[in-house]
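In what follows, a single structure is set out as structure tokens and then discussed.
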Amino acid sequence: MERREFLTSSSGATALALAAASGLVPAYAQNAPGWNKVAFDSKSFAEAAKALGATSAPVESKELVLQAPEIAENGSVVRVGAQSSMANTTQIAFVVEKNPSALAALFDIPSGTDANVSTNIKMGQSSNVYALAKVGDKYFYAVKEVKVTLGGCGG
Amino acid sequence: MSDPMRIRAQAQGDKTTVRVLVSHEMESGQRKDAAGKTVPAWFIQTINATWNGKTVMSAQWGTAVSKNPFVQFSFKGGKAGDKIVVSWVDNHGDKRSDEAVIA
């Protein structure tokens, strides 16, 4: 990041913090519209699934394939991908069980879009990584253990 | 304002594959600075992509998405010359929108 940009962005953050401290703006009043705070606050896979609307425990499915490395040397960039071959998959979420917030990312799959997304996530430590797919009103998952040799959440 | 996103969209057969590289700090809120103070979380919360005005990808992200996030997805339809627009909103209320043309 450019030094100049860092200065402007950090002064913006300070202004925001001051506004929050003076009671003008509650902290985190700026959450983007449509962002599911409850789901992103969840601490476990079960909690995240519930917060996303699963009424019963998700079922493991072979038709959902999670791509993740067995060993991630750098926990701050772990490529994960999930592909569902179940028709009418409408959501795919990535959940890292031992991260401070379990839910990492939630993708909506509009009709016409393949139920196949990849992204990079951070992992604080070795953990089970889950892909969670919503099919109709049911939830399915795939899980893989990823060993992290260098964490990506702390310093 | 952050740097532009890098968007590559490629049509192959009846599918278009889109790869997006976003430029964003994605501060997790877990890190401490040199003085031992926690660096507040600063991350993209929602991101979406449209093709000819139709939403082809929308996602919500938490703090666990990597710095300078990468995302790949594909959808049916799309031909060379069509426009893809990707937009995000972060927890500071900052927004950015970039567009690319399908190759």
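Every chain in the structure tokens takes a letter, A first, then B, and so on in the order presented; its residues are numbered from 1, and the ligands are numbered from 1 following the presented order.
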Within 8 Å of chain A, which residues of chain B show up? Give each one with its shortest atom-to-atom distance in Å (one decimal) and the two atoms involved, counting only C-alpha atoms, rows by chain then rising residue number, as CSV.
```
residue,atom,partner,partner_atom,distance
B:Met1,CA,A:Glu5,CA,7.6
B:Ser2,CA,A:Glu5,CA,7.9
B:Ser28,CA,A:Cys153,CA,6.7
B:Gln30,CA,A:Gly154,CA,5.8
B:Arg31,CA,A:Gly154,CA,4.8
B:Lys32,CA,A:Gly155,CA,6.5
B:Gln45,CA,A:Ala32,CA,6.2
B:Thr46,CA,A:Trp35,CA,6.7
B:Thr55,CA,A:Pro110,CA,7.1
B:Val56,CA,A:Thr113,CA,5.9
B:Met57,CA,A:Ile109,CA,6.3
B:Ser58,CA,A:Asp108,CA,5.3
B:Ala59,CA,A:Phe107,CA,4.1
B:Gln60,CA,A:Leu106,CA,5.1
B:Trp61,CA,A:Ala105,CA,4.5
B:Gly62,CA,A:Ala104,CA,5.1
B:Thr63,CA,A:Ala104,CA,6.8
B:Ala64,CA,A:Lys122,CA,4.9
B:Val65,CA,A:Ile121,CA,4.2
B:Ser66,CA,A:Ile121,CA,4.7
B:Lys67,CA,A:Ser76,CA,7.8
B:Pro69,CA,A:Asn120,CA,6.2
B:Phe70,CA,A:Thr119,CA,5.2
B:Val71,CA,A:Thr119,CA,4.4
B:Gln72,CA,A:Ser118,CA,5.1
B:Phe73,CA,A:Val117,CA,4.8
B:Ser74,CA,A:Asp114,CA,5.6
B:Phe75,CA,A:Thr113,CA,3.9
B:Lys76,CA,A:Gly112,CA,5.3
B:Gly77,CA,A:Gly112,CA,7.9
B:Val89,CA,A:Ala32,CA,6.2
B:Asp90,CA,A:Ala32,CA,6.6
B:Asn91,CA,A:Asn31,CA,5.0
B:His92,CA,A:Gln30,CA,5.8
B:Gly93,CA,A:Gln30,CA,5.7
```
Subject >> Distance query A:Lys62 at most 10 Å, only C-alpha atoms, self and fewer than 6 positions along chain excluded, as a PyMOL selection string >> reply: chain A and resi 84-86+140-142
Subject >> Atom pair atom CA of B:Pro4 / atom CA of B:Asp98: separation (Å) >> reply: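 Between atom CA of B:Pro4 and atom CA of B:Asp98 the gap works out to 6.7 Å.
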